[in-house]
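Here's the structure, in structure tokens; my notes come after.
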Amino acid sequence: MALIVQKFGGSSVKDRDRIFNVARIVANTHNAGNDVVVVVSAQGDTTDDLITKAAEITHNPSAREMDMLLAAGEEISIALLAMALNELGCHATSLTGWQAGFRTDRAYTKARITKLETERISSELERNRVVVVAGFQGLNKLDDITDTSAVAIAAALHADRCQIFTDVEGVYTADPRKVRNTRKLDEITFDEMLELASLGAQVLNNRSVELAKKYNVELEVLSSLNPVPGTVVKEVVKDVEGMLIKGVAKDTDVAVITILNVPDEPGTSFKIFGLLAQKNINVDIILQSTGRDGKKDISFTCAESEAETALRVLRESARFDQVTCDETCAKVSIVGAGMQSHSGVASKMFEALSNNNINIKMISTSEIKISCIIDREDADKAVSAIHEMLFE
Ligand code: ADP
Ligand code: MG
């Protein structure tokens with residue numbers, strides 16, 4: 001007998017039929033003799049609808065009340081799923097995140113799980129019940145932290161497996177809904193998946209992969225609609241196909257900020273990025289020109305939503321007068337541990353962009369990834385072109 005944590009995203013529980021579909025998967029797992037904890041998000045577009053409702057009332061809702069509102073969406077899906085399980089003869093209890101023992105910091109809609117008290121879940125499992133837990137849904141899709149809740153439960157309970165069910169059959173070489181001829185990966189390492197998730201592959205949330213790596217929780221990404229083997233995410237994988245590159249991802253929430261003619265002297269970068277850090281602005285790629293006549297230029301990227309604050313800080317607090325912002329950028333990236341030992345991968349990526357007349361504004365590399373900043377309107381074309389160049 002094993003302990004299995006199963007997570008189902010909003011699309012998997014969006015209506016009655018889908019809820020019963022999920023209930024059957026859970027019941028089958030339980031009937032096979034396993035303990036099962038299920039983590040679900042709010043149904044379909046519920047979270048977006050609730051956000052719209054809040055916007056009808058105020059443009060500036062308190063984070064606490066937003067949290068309360070979004071939690072309501074999740075309570076609907078846990079209760080309905082528990083009912084469906086009971087209907088199938090599988091005894092189930094639904095628990096809100098709080099009842100399930102999650103303790104978070106007070107960041108509300110951006111809450112991080114700080115602790116998980118497992119007594120309540122464990123006692124329900126001892127009574128041979130399936131436990132249905134509400135995940136925490138962040139405000140935007142990329143922030144979907146229900147995945148993280150599932151991994152946190154799997155880690156705390158020392159579960160044998162954590163299955164992330166979704167609407168595609170696993171992790172693919174690019175978004176299978178947007179790119180042609182993508183391939184499903186049988187396995188991928190935590191490090192590669194962490195990069196893919198951080199660089200925009202929506203299929204898993206990056207914090208959940210981080211947590212899975214930290215506690216060595218093996219993840220499986222699979223379809224809730226089609227019962228075929230998915231993608232296993234773990235520390236070490238056997239690379240039977242010798243794939244150098246595992247995937248192409250894009251992030252369209254990127255702004256590039258450039259500060260011209262700053263002093264070419266010690267302390268300049270500290271001044272700039274110290275101020276930005278104080279405002280909790282996450283800076284990604286940083287580029288600095290060679291100094292000339294005692295001056296240099298510094299560019300960096302951040303999320304578009306944070307660009308306005310960054311500009312204000314630089315103009316008002318740092319008193320730089322030549323600050324510009326290009327708000328409509330995107331980052332396209334390729335990821336794969338194999339590129340460390342193989343040259344020529346970068347040039348293929350650049351060739352694909354060149355063939356499509358796409359200009360590269362910035363480049364950043366690490367051992368297992370290469371990212372290019374480009375115009376946002378070129379993002380989809382770029383991903384397809386790079387994917388075609390590297391995988392076909
Ligand atoms: P859920 O509601 O189940 O959490 P998400 O929408 O968060 O589902 O994630 C699944 C979606 O991620 C897929 O429908 C797919 O369009 C998208 N996606 C983006 N990149 C990838 C990728 N490399 N592999 C698989 N799916 C991807
Ligand atoms: Mg998701």
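By order in the structure tokens, chains are A, B, ...; within a chain, residues start at 1; ligands start at 1, following the order shown.
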Margin query: From a backbone DSSP assignment, name each residue in stretch 74-235 of chain A labelled strand (DSSP E), as a PyMOL selection string.
Written below: chain A and resi 92-95+102-104+113-116+130-134+161-166+187-189+219-223+231-234
Item checked: Residue list (helix (DSSP H, G or I), DSSP) for stretch 38-254 of chain A, as a PyMOL selection string -> chain A and resi 46-57+63-87+108-110+119-126+141-143+146-156+190-198+206-214
Same residues, C-alpha atoms, output as a compact mmCIF listing (two decimals), in the first residue's frame:
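Saved to selection_12.txt:
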```txt
# COMPACT_ATOMS: atom_id res chain seq x y z
CA THR A 46 -14.16 30.56 -11.10
CA THR A 47 -11.08 32.37 -9.85
CA ASP A 48 -11.12 34.78 -12.80
CA ASP A 49 -14.86 35.36 -12.32
CA LEU A 50 -14.36 36.15 -8.64
CA ILE A 51 -11.54 38.56 -9.50
CA THR A 52 -13.93 40.29 -11.94
CA LYS A 53 -16.62 40.51 -9.26
CA ALA A 54 -14.15 42.13 -6.87
CA ALA A 55 -13.14 44.61 -9.57
CA GLU A 56 -16.80 45.61 -9.91
CA ILE A 57 -16.71 46.68 -6.26
CA ALA A 63 -5.37 41.34 0.09
CA ARG A 64 -7.10 39.75 3.04
CA GLU A 65 -10.54 40.06 1.46
CA MET A 66 -9.26 38.84 -1.92
CA ASP A 67 -7.93 35.79 -0.14
CA MET A 68 -11.28 35.20 1.49
CA LEU A 69 -13.05 35.54 -1.86
CA LEU A 70 -10.75 33.18 -3.75
CA ALA A 71 -10.87 30.63 -0.94
CA ALA A 72 -14.63 30.50 -1.49
CA GLY A 73 -14.03 29.27 -5.04
CA GLU A 74 -11.87 26.45 -3.77
CA GLU A 75 -14.35 25.43 -1.10
CA ILE A 76 -16.92 24.82 -3.81
CA SER A 77 -14.70 22.37 -5.65
CA ILE A 78 -13.53 20.43 -2.57
CA ALA A 79 -17.08 20.00 -1.33
CA LEU A 80 -18.41 18.91 -4.74
CA LEU A 81 -15.56 16.44 -5.24
CA ALA A 82 -16.06 14.94 -1.77
CA MET A 83 -19.78 14.55 -2.58
CA ALA A 84 -18.99 12.87 -5.90
CA LEU A 85 -16.59 10.46 -4.16
CA ASN A 86 -19.18 9.59 -1.54
CA GLU A 87 -21.67 9.05 -4.36
CA TYR A 108 -2.29 36.60 1.69
CA THR A 109 -2.69 36.33 -2.07
CA LYS A 110 1.06 35.75 -2.37
CA GLU A 119 -2.43 15.44 12.35
CA ARG A 120 -5.84 16.09 10.86
CA ILE A 121 -5.00 14.63 7.44
CA SER A 122 -3.35 11.61 9.05
CA SER A 123 -6.31 10.89 11.30
CA GLU A 124 -8.70 11.00 8.34
CA LEU A 125 -6.43 8.61 6.41
CA GLU A 126 -6.37 6.25 9.40
CA LYS A 141 -2.25 31.68 -13.61
CA LEU A 142 1.52 31.57 -13.43
CA ASP A 143 1.18 31.94 -9.70
CA THR A 146 -2.11 24.61 -5.78
CA ASP A 147 0.73 22.53 -7.24
CA THR A 148 2.92 23.71 -4.38
CA SER A 149 0.31 22.74 -1.80
CA ALA A 150 0.20 19.23 -3.26
CA VAL A 151 3.98 18.87 -3.15
CA ALA A 152 4.08 20.27 0.40
CA ILE A 153 1.56 17.66 1.53
CA ALA A 154 3.47 14.90 -0.25
CA ALA A 155 6.69 16.00 1.44
CA ALA A 156 5.17 16.35 4.92
CA PHE A 190 14.19 18.66 -11.27
CA ASP A 191 16.75 21.22 -12.44
CA GLU A 192 15.55 21.24 -16.03
CA MET A 193 11.90 21.36 -14.99
CA LEU A 194 12.67 24.18 -12.58
CA GLU A 195 14.16 26.21 -15.43
CA LEU A 196 11.29 25.42 -17.80
CA ALA A 197 8.71 26.37 -15.17
CA SER A 198 10.53 29.57 -14.22
CA ASN A 206 8.28 26.70 -10.27
CA ARG A 207 7.96 26.82 -6.49
CA SER A 208 6.41 23.38 -6.52
CA VAL A 209 9.37 21.99 -8.46
CA GLU A 210 11.76 23.73 -6.07
CA LEU A 211 10.00 22.11 -3.13
CA ALA A 212 9.90 18.70 -4.82
CA LYS A 213 13.66 18.89 -5.40
CA LYS A 214 14.34 20.00 -1.83
```
Next item on the list: Using only C-alpha atoms and all ligand atoms, find each residue with an atom at most 6 Å away from ligand 1 and format the answer as a PyMOL selection string.
Entry: chain A and resi 8-11+166-168+170-177+201-203
Next item on the list: Check the smallest atom-to-atom distance from each of A:Ala318, A:Ile257, A:Leu204, A:Ala337 to ligand 2 using only C-alpha atoms and all ligand atoms, then report the winner.
Entry: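 For ligand 2, the nearest of the given residues is A:Leu204.
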Check: Restricting the calculation to only C-alpha atoms, which member of A:Thr182, A:His59, A:Ala27, A:Ala134 is positioned closest to A:Ala92?
Finding: A:Ala27
Check: So how far away is atom CA of A:Ser41 from atom CA of A:Phe165, in Å?
Finding: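 For atom CA of A:Phe165 relative to atom CA of A:Ser41, the distance reads 11.4 Å.
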Item checked: Atom pair atom CA of A:Gln278 / atom CA of A:Arg315: separation (Å) ->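 Value for the atom CA of A:Gln278-atom CA of A:Arg315 distance: 15.1 Å.
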Margin query: Nearest residue to ligand 2 out of A:Ala249, A:Ala32, A:Leu3, A:Ile145, using only C-alpha atoms and all ligand atoms?
Written below: A:Ile145
Next item on the list: Extract, using only C-alpha atoms, all DNA, RNA and protein residues at most 12 Å from A:Asn31, discarding same-chain residues fewer than 4 positions from it, and format them as a list of chain:residue names.
Entry: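 The residues satisfying every condition are A:Met1, A:Ala2, A:Ala23, A:Arg24, A:Ile25, A:Val26, A:Ala27, A:Asp35, A:Val36, A:Leu85, A:Leu88, A:Gly89, A:Cys90, A:His91, A:Asn128, A:Arg129, A:Val130.
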Would you export the selected residues with C-alpha atoms as an mmCIF file, in the first residue's frame, please?
```
data_model
loop_
_atom_site.group_PDB
_atom_site.id
_atom_site.type_symbol
_atom_site.label_atom_id
_atom_site.label_comp_id
_atom_site.auth_asym_id
_atom_site.auth_seq_id
_atom_site.Cartn_x
_atom_site.Cartn_y
_atom_site.Cartn_z
ATOM 1 C CA MET A 1 0.000 0.000 0.000
ATOM 2 C CA ALA A 2 1.246 3.421 -0.890
ATOM 3 C CA ALA A 23 -13.747 11.144 -8.582
ATOM 4 C CA ARG A 24 -13.355 7.918 -10.599
ATOM 5 C CA ILE A 25 -9.578 8.350 -10.870
ATOM 6 C CA VAL A 26 -9.340 8.975 -7.129
ATOM 7 C CA ALA A 27 -11.694 6.121 -6.234
ATOM 8 C CA ASP A 35 -4.129 6.084 0.866
ATOM 9 C CA VAL A 36 -5.083 9.121 -1.197
ATOM 10 C CA LEU A 85 -16.587 10.458 -4.160
ATOM 11 C CA LEU A 88 -19.267 6.471 -5.846
ATOM 12 C CA GLY A 89 -19.082 4.733 -2.477
ATOM 13 C CA CYS A 90 -15.649 6.086 -1.651
ATOM 14 C CA HIS A 91 -15.689 7.818 1.742
ATOM 15 C CA ASN A 128 -9.652 4.944 5.582
ATOM 16 C CA ARG A 129 -11.110 8.128 4.156
ATOM 17 C CA VAL A 130 -9.934 10.005 1.113
#
```
Check: Which residue out of A:Lys279, A:Ser317, A:Thr189, A:Cys162 has the minimum interatomic distance to A:Val237 when only C-alpha atoms are used?
Finding: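 Nearest candidate to A:Val237 out of A:Lys279, A:Ser317, A:Thr189, A:Cys162: A:Thr189.
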Next item on the list: Return the single residue from A:Ala352, A:Val38, A:Leu260, A:Leu225 that is closest to A:Asn21, with distances computed using only C-alpha atoms.
Entry: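 That would be A:Leu225, the residue with the smallest distance to A:Asn21.
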Checklist line | Nearest residue to ligand 2 from the set A:Glu169, A:Gly267, A:Asn205, A:Ile113 (distances using only C-alpha atoms and all ligand atoms) | finding: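 The answer is A:Asn205, which sits nearest to ligand 2.
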Next item on the list: Tell me which protein, DNA and RNA residues are within 7 Å of A:Val233, counting only C-alpha atoms, leaving out same-chain ones fewer than 4 positions away, and put them as a ChimeraX atom specification.
Entry: /A:187-190,218-220
Resulting file, chosen residues, N, CA and C atoms, as a PDB file, in the first residue's frame:
```
ATOM      1  N   GLU A 187      10.788  11.549 -19.048  1.00  0.00           N
ATOM      2  CA  GLU A 187      11.376  11.969 -17.784  1.00  0.00           C
ATOM      3  C   GLU A 187      12.088  13.299 -17.967  1.00  0.00           C
ATOM      4  N   ILE A 188      12.212  14.035 -16.888  1.00  0.00           N
ATOM      5  CA  ILE A 188      12.980  15.278 -16.918  1.00  0.00           C
ATOM      6  C   ILE A 188      13.534  15.494 -15.510  1.00  0.00           C
ATOM      7  N   THR A 189      14.703  16.121 -15.390  1.00  0.00           N
ATOM      8  CA  THR A 189      15.276  16.330 -14.050  1.00  0.00           C
ATOM      9  C   THR A 189      14.600  17.512 -13.358  1.00  0.00           C
ATOM     10  N   PHE A 190      14.714  17.529 -12.037  1.00  0.00           N
ATOM     11  CA  PHE A 190      14.187  18.664 -11.274  1.00  0.00           C
ATOM     12  C   PHE A 190      14.775  19.962 -11.800  1.00  0.00           C
ATOM     13  N   GLU A 218       9.151  12.641  -5.842  1.00  0.00           N
ATOM     14  CA  GLU A 218       9.052  12.374  -7.270  1.00  0.00           C
ATOM     15  C   GLU A 218       7.691  12.845  -7.782  1.00  0.00           C
ATOM     16  N   LEU A 219       7.716  13.624  -8.864  1.00  0.00           N
ATOM     17  CA  LEU A 219       6.460  14.136  -9.414  1.00  0.00           C
ATOM     18  C   LEU A 219       6.113  13.388 -10.680  1.00  0.00           C
ATOM     19  N   GLU A 220       4.825  13.261 -10.932  1.00  0.00           N
ATOM     20  CA  GLU A 220       4.403  12.740 -12.235  1.00  0.00           C
ATOM     21  C   GLU A 220       3.351  13.700 -12.781  1.00  0.00           C
TER      22      GLU A 220
END
```
